[in-house]
Structures are given as structure tokens and as C-alpha cells.
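Okay, so here's the structure we're looking at.
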Amino acid sequence: MHSRLWFMLVAAALLVAGCDSRNTLAPQISSNARLTAPALVAKTHPGSAAIWSGGAQHAQGTIGPGALYAMDVPANWNGELVVYAHGYTEESGAPVGLPAIDYLRLPLLDRGFAVAYSSFSANGYALKEGFLQTHQLSGLFAAKFGTPRRTFVVGQSLGGIIALKLAETFPNEYSGALTGCGVVGGTRAEIQYIGNVRVLFDYFYPGVLPGSLLEVPDGVDFATQVAPAIVQAIIANPTPAFLMTRILPIPFASPNELVEAIVRAIGFQFLGAKDFLDRSHGHVFFDNSQTVYTGTGVPQAVLDDLNAKVARYQSTPDAESFMRQYYEPTGQLHIPMVSLHTTRDPIVPLFNEDRYGQITAAAGSSALLKQEQVATFGHCTYTPAQLLAAFDELIAWADSLSPTP
């Protein structure tokens, strides 16, 4: 094996050793020093005349069965509200808590927007809870501070598909939507990707991972036990990992990225399997029963053996129903939506954007969708400035469609 590749794979081992095992599908934007970056200097929205005379106000409390909320109104409130839906938080038994979003909240307040956000009443893939509780924020805000002139919904990661579902379901109650690294291709497509990474890894590297797609043993720590085993297996034999990329859309531009992409996808499966089983009433949510795995450049003998021996699963009707309801996008947009994604997202890959683009085209809604890409590796690893630029683009677009008074 080439010595440089050895070095890069070993470097990847050091990199993944520090991965956060709790918020596998949560945005990775730090809320620390970036707040003071020059790119985040506040810009005043043209419609931000100070129509609010009550001064800056803050409210917080509980919403729904066990969710927390917080709301802020700036002294120079422009009469518009942003409701925010956060990303996936591992179901670990820990209590729910408000997301740390100062990197977004503070610049939005500086721009004159009120901001409302909440935890969800459950951790895990809480799309149902997040959809209901994020939507409740608008009514709760109106009761406390008055009805906003316009309301925009912003969501990242799991929150991205929540924002999408809100935009498609309640187009008369929101004036625009911004999604970041969102599961916009739908829950089923995301689950199929994660499940396929797991079963193909089990085929190519048998015995490395404990349990199976649906059965994760108790007492095994992913970060300290499983992730290092994955890295060492790929270091020992990198060829199967590269073959996996010919079969699945695993994003990478270097051996380092390939290792991390596989680790992160398996990490989401490992940390989320029980939660998905609970949400599908213990029934199978992944289906490769009829899948014929193919890949350009993969020897036919390998494909034949893979298709003969890979673990097979067949999803049940109620699990399919759950994934359709939470959520299969319709593509029926009636309000503008900006969707931001990194080009090499290892957890929610870019195929999500491709699929949603196709769905909106089929629904005749392409004119209301703008998809922006940031050429980098990682889940939600665009900068706060890039996220805010996408928000500014959404506001300008909404103004052009329906100018504020």
C-alpha cells in the first residue's frame, strides 16, 4: 500500500476518534468565536423600521408534552418572525434541552427579526414532535407579542425536513423556508442510504461491527470501540471501502474523507437503530429485499457474491407508512424555499438535494426552489456567514414576490 495513503488513513483514525457520538445528525456549527467574525456584522433589512416600541424582550417556558421554548424580540423589531427547527439529537435517555443557536439567533436579532425556537419533546428522529412543536411556536409568539407581519421557517439537518414539511403543509402561514443540510430527499431515502452502508460494510468487513442493522448490543460505546475498529479494518484492507463507493453515493475527495464518511454513516445507524425501531413499532424500516447491487468498475464476480450473501431485510407496511407520513416530500411548494447543502455531506448526502429537485420538478414547483451548494466535506459544515447569506437571499426573494409594506 502506498505510504502516503497509509499516512492519510492513520490521520483519519485520529480525526474520527474525536467525533461527537451524541449529536450524530445535529449541526456541527460552533456557537463560540465565530460570532465575532467580521462576516457576521449585522446588516439591516430594508423593512426593519422600528415598529416595535416595547424594547428587547425575552420569553421562555414549556410547550407541548415536555418541550422547552425560547423567544426573543429585538428593540428594533421589523415585525417579522423566524421560527427555527433544530437537528437530530441522539436518543440517550438524557433530558431534552434547548439547542445552542446563538451563531444564528444573534445575527437575526441584529437584523431586526424576532426569533423563536424550541427543543422537541423527545430526542432521536423526532420529526413528528418537531413538526408539531415548531409549528406551535407561531401561535404562542402571537399570543405574547402580537401577530408577525411575516413568518419564516429555518431548519437544519433533521430540522431541514421539518421546515420542508411545514412549508409544504402550511404555505399560508409561512412566507419562506430555509433548509440547511436537510433530509430533504425524504426519510425513506435517507434510511435506505444509511442501511445500505451498514449491510455492505458487514459484507465486505465481516465480524468488525457488533450486532446487525436492527440489533445493536447494549454496553458497546461507538466512539471508543466501534469507530476505531472500522478505521483499523479499512487501514488493513482499503480496497473494499473504495468498492463501496462504486455501489453507494458515499461522498469523499480523499482517503481521510472516505473513512470518516463510512464511520459517520455507520455511527448514525448504530446510535439510531433502537429509536427507529421504537418509532416503527419494532418493525423493519429498511428494505433491500429486491435490491440488485451494481457498481461501475466493481468486478462482476464480486457483485454476484455480494448479491448472493448480503444481509436482506424487508420493511413492513406500517414502517413504510411511518416513513411516508414523517416524511415523504410532495414537492408542492407555494412559498419560496432556499436549500443549502455541503457537496460532501457524509451523513445526509447531496443526493437529498438531487431527489428533492426532481420531486419539485415533477410537481411543477421548481420556480420556488433555489438550491445552494458549499464545496466542502462535512455535515452542516458551511459557515454561519454562508447560512446567513442564504437567509438574506430568501428574504430578498420573498420581498420580490410580495414586498413588505
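The chains in the C-alpha cells are called A, B, ... from first to last as shown; in each chain the residues are counted from 1, and the ligands are counted from 1 in the order shown.
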Residues at most 9 Å from A:Arg344, counting only C-alpha atoms, excluding those fewer than 6 positions away in the same chain, as a PDB file with C-alpha atoms, in the first residue's frame?
```pdb
ATOM      1  CA  ILE A 250     -20.604   7.793  -0.381  1.00  0.00           C
ATOM      2  CA  PRO A 251     -19.120  11.309  -0.625  1.00  0.00           C
ATOM      3  CA  PHE A 252     -15.347  11.749  -0.374  1.00  0.00           C
ATOM      4  CA  ALA A 253     -12.418  13.518  -2.011  1.00  0.00           C
ATOM      5  CA  GLU A 257     -12.916  11.720   3.959  1.00  0.00           C
ATOM      6  CA  ALA A 261     -17.918   9.204   5.726  1.00  0.00           C
ATOM      7  CA  LEU A 350     -26.117  15.592  -1.521  1.00  0.00           C
ATOM      8  CA  VAL A 374     -20.880  24.810  -0.487  1.00  0.00           C
ATOM      9  CA  ALA A 375     -17.920  22.820  -1.787  1.00  0.00           C
ATOM     10  CA  THR A 376     -16.643  21.209   1.393  1.00  0.00           C
ATOM     11  CA  PHE A 377     -16.769  17.994   3.411  1.00  0.00           C
ATOM     12  CA  GLY A 378     -18.899  17.510   6.489  1.00  0.00           C
ATOM     13  CA  HIS A 379     -22.423  17.665   7.823  1.00  0.00           C
TER      14      HIS A 379
END
```
Inset, instruction - Pick out each residue of stretch 149-363 of chain A that DSSP on the backbone tags as helix (DSSP H, G or I); I need them as a PyMOL selection string. - result: chain A and resi 158-169+187-204+222-236+239-247+255-279+300-309+317-325+351-363
Inset, instruction - Extract, using only C-alpha atoms, all DNA, RNA and protein residues at most 12 Å from A:Phe131, discarding same-chain residues fewer than 4 positions from it, and format them as a PyMOL selection string. - result: chain A and resi 64+83-87+117-122+125-127+135-137+153+155+158-170+325-327
Limited to C-alpha atoms, could you put the picked residues into a file as a short mmCIF file (atom, residue, chain, number, x, y, z; two decimals), in the first residue's frame?
```cif
data_model
loop_
_atom_site.label_atom_id
_atom_site.label_comp_id
_atom_site.auth_asym_id
_atom_site.auth_seq_id
_atom_site.Cartn_x
_atom_site.Cartn_y
_atom_site.Cartn_z
CA GLY A 64 -46.35 20.57 24.33
CA VAL A 83 -39.00 30.03 13.78
CA TYR A 84 -36.14 27.55 13.96
CA ALA A 85 -36.15 23.72 13.94
CA HIS A 86 -33.01 22.04 15.30
CA GLY A 87 -31.26 18.87 14.17
CA TYR A 117 -37.15 28.08 18.78
CA SER A 118 -37.71 25.03 20.92
CA SER A 119 -36.44 21.66 21.90
CA PHE A 120 -38.62 18.76 20.86
CA SER A 121 -40.47 16.72 23.45
CA ALA A 122 -38.33 13.71 22.54
CA TYR A 125 -35.59 11.12 14.95
CA ALA A 126 -38.31 13.30 16.43
CA LEU A 127 -39.75 14.59 13.16
CA HIS A 135 -45.48 24.98 14.26
CA GLN A 136 -46.89 25.79 17.71
CA LEU A 137 -44.25 28.48 18.16
CA VAL A 153 -39.10 28.84 8.98
CA GLY A 155 -34.27 24.22 9.88
CA LEU A 158 -33.49 16.79 10.81
CA GLY A 159 -34.84 20.32 11.24
CA GLY A 160 -34.44 20.75 7.49
CA ILE A 161 -37.08 18.14 6.70
CA ILE A 162 -39.25 19.57 9.48
CA ALA A 163 -39.03 23.02 7.86
CA LEU A 164 -39.78 21.42 4.50
CA LYS A 165 -42.86 19.62 5.82
CA LEU A 166 -44.09 22.86 7.41
CA ALA A 167 -43.58 24.75 4.16
CA GLU A 168 -45.44 22.12 2.13
CA THR A 169 -48.22 21.67 4.71
CA PHE A 170 -48.90 25.27 5.80
CA GLN A 325 -46.00 10.46 6.95
CA TYR A 326 -42.74 11.61 8.59
CA TYR A 327 -41.86 12.39 5.82
#
```
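Taking only C-alpha atoms into account, A:Phe286 lies nearest to A:Gln314 out of the set A:Thr381, A:Gln269, A:Gln314, A:Thr239.
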List every residue of stretch 265-341 of chain A that has an atom at most 9 Å from any atom of stretch 355-365 of chain A, giving for each one its closest atom pair and the distance in Å to one decimal, counting only C-alpha atoms, sorted by chain and then by ascending residue number, as a tab-separated table.
```
residue	atom	partner	partner_atom	distance
A:Pro329	CA	A:Tyr356	CA	7.5
A:Thr330	CA	A:Ile359	CA	6.7
A:Gly331	CA	A:Thr360	CA	4.0
A:Gln332	CA	A:Ala363	CA	5.7
A:Leu333	CA	A:Ser365	CA	5.6
A:His334	CA	A:Ser365	CA	7.5
```
Can I get the selected residues back with N, CA and C atoms, as an mmCIF file, in the first residue's frame?
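Output below, filename part-v4.cif:
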```cif
data_model
loop_
_atom_site.group_PDB
_atom_site.id
_atom_site.type_symbol
_atom_site.label_atom_id
_atom_site.label_comp_id
_atom_site.auth_asym_id
_atom_site.auth_seq_id
_atom_site.Cartn_x
_atom_site.Cartn_y
_atom_site.Cartn_z
ATOM 1 N N PRO A 329 -41.508 13.988 0.940
ATOM 2 C CA PRO A 329 -41.854 15.295 0.373
ATOM 3 C C PRO A 329 -42.775 15.161 -0.833
ATOM 4 N N THR A 330 -43.675 16.143 -0.981
ATOM 5 C CA THR A 330 -44.562 16.197 -2.137
ATOM 6 C C THR A 330 -43.983 17.056 -3.253
ATOM 7 N N GLY A 331 -43.088 17.985 -2.893
ATOM 8 C CA GLY A 331 -42.558 18.920 -3.875
ATOM 9 C C GLY A 331 -43.517 20.035 -4.224
ATOM 10 N N GLN A 332 -44.658 20.093 -3.565
ATOM 11 C CA GLN A 332 -45.671 21.108 -3.868
ATOM 12 C C GLN A 332 -45.400 22.363 -3.053
ATOM 13 N N LEU A 333 -44.544 23.203 -3.591
ATOM 14 C CA LEU A 333 -44.181 24.453 -2.941
ATOM 15 C C LEU A 333 -45.081 25.585 -3.420
ATOM 16 N N HIS A 334 -45.498 26.413 -2.462
ATOM 17 C CA HIS A 334 -46.257 27.619 -2.783
ATOM 18 C C HIS A 334 -45.575 28.863 -2.211
#
```
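As for atom CA of A:Tyr88 and atom CA of A:Val115, they are spaced 20.0 Å apart.
Taking only C-alpha atoms, the non-local environment of A:Ser402 within 12 Å (same-chain residues fewer than 4 positions away omitted) comprises Arg149, Arg150, Ser175, Gly176, Ile335, Pro336, Ile395, Ala396, Trp397 and Ala398 of chain A.
Shortest separation to A:Glu260 among A:Val183, A:Val284, A:Ile347, A:Leu243 occurs at residue A:Ile347, atoms counted being only C-alpha atoms.
For the pair atom CA of A:Leu109 and atom CA of A:Pro74, the interatomic distance is 5.7 Å.
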Inset, instruction - Determine the nearest neighbour of A:Leu209 from the options A:Asn256, A:Phe270, A:Thr343, A:Leu248, counting only C-alpha atoms. - result: A:Phe270
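Non-sequential neighbours of A:Leu108 (distance at most 9 Å, separation of 5 or more positions within a chain, only C-alpha atoms) are Ala42, Val82, Phe113, Ala114, Val115 and Leu388 of chain A.
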I need the residues from that last selection saved to file as an mmCIF file, in the first residue's frame (with C-alpha atoms), if you can.
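Saved file again-v1.cif follows:
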```cif
data_model
loop_
_atom_site.group_PDB
_atom_site.id
_atom_site.type_symbol
_atom_site.label_atom_id
_atom_site.label_comp_id
_atom_site.auth_asym_id
_atom_site.auth_seq_id
_atom_site.Cartn_x
_atom_site.Cartn_y
_atom_site.Cartn_z
ATOM 1 C CA ALA A 42 -25.265 42.801 11.273
ATOM 2 C CA VAL A 82 -38.105 33.397 12.288
ATOM 3 C CA PHE A 113 -36.051 39.727 13.223
ATOM 4 C CA ALA A 114 -37.725 38.103 16.203
ATOM 5 C CA VAL A 115 -36.600 34.513 16.801
ATOM 6 C CA LEU A 388 -26.901 33.882 6.914
#
```
Legend entry - Atomic distance atom CA of A:Ala301 - atom CA of A:Tyr205, expressed in Å with one decimal: 17.0 Å
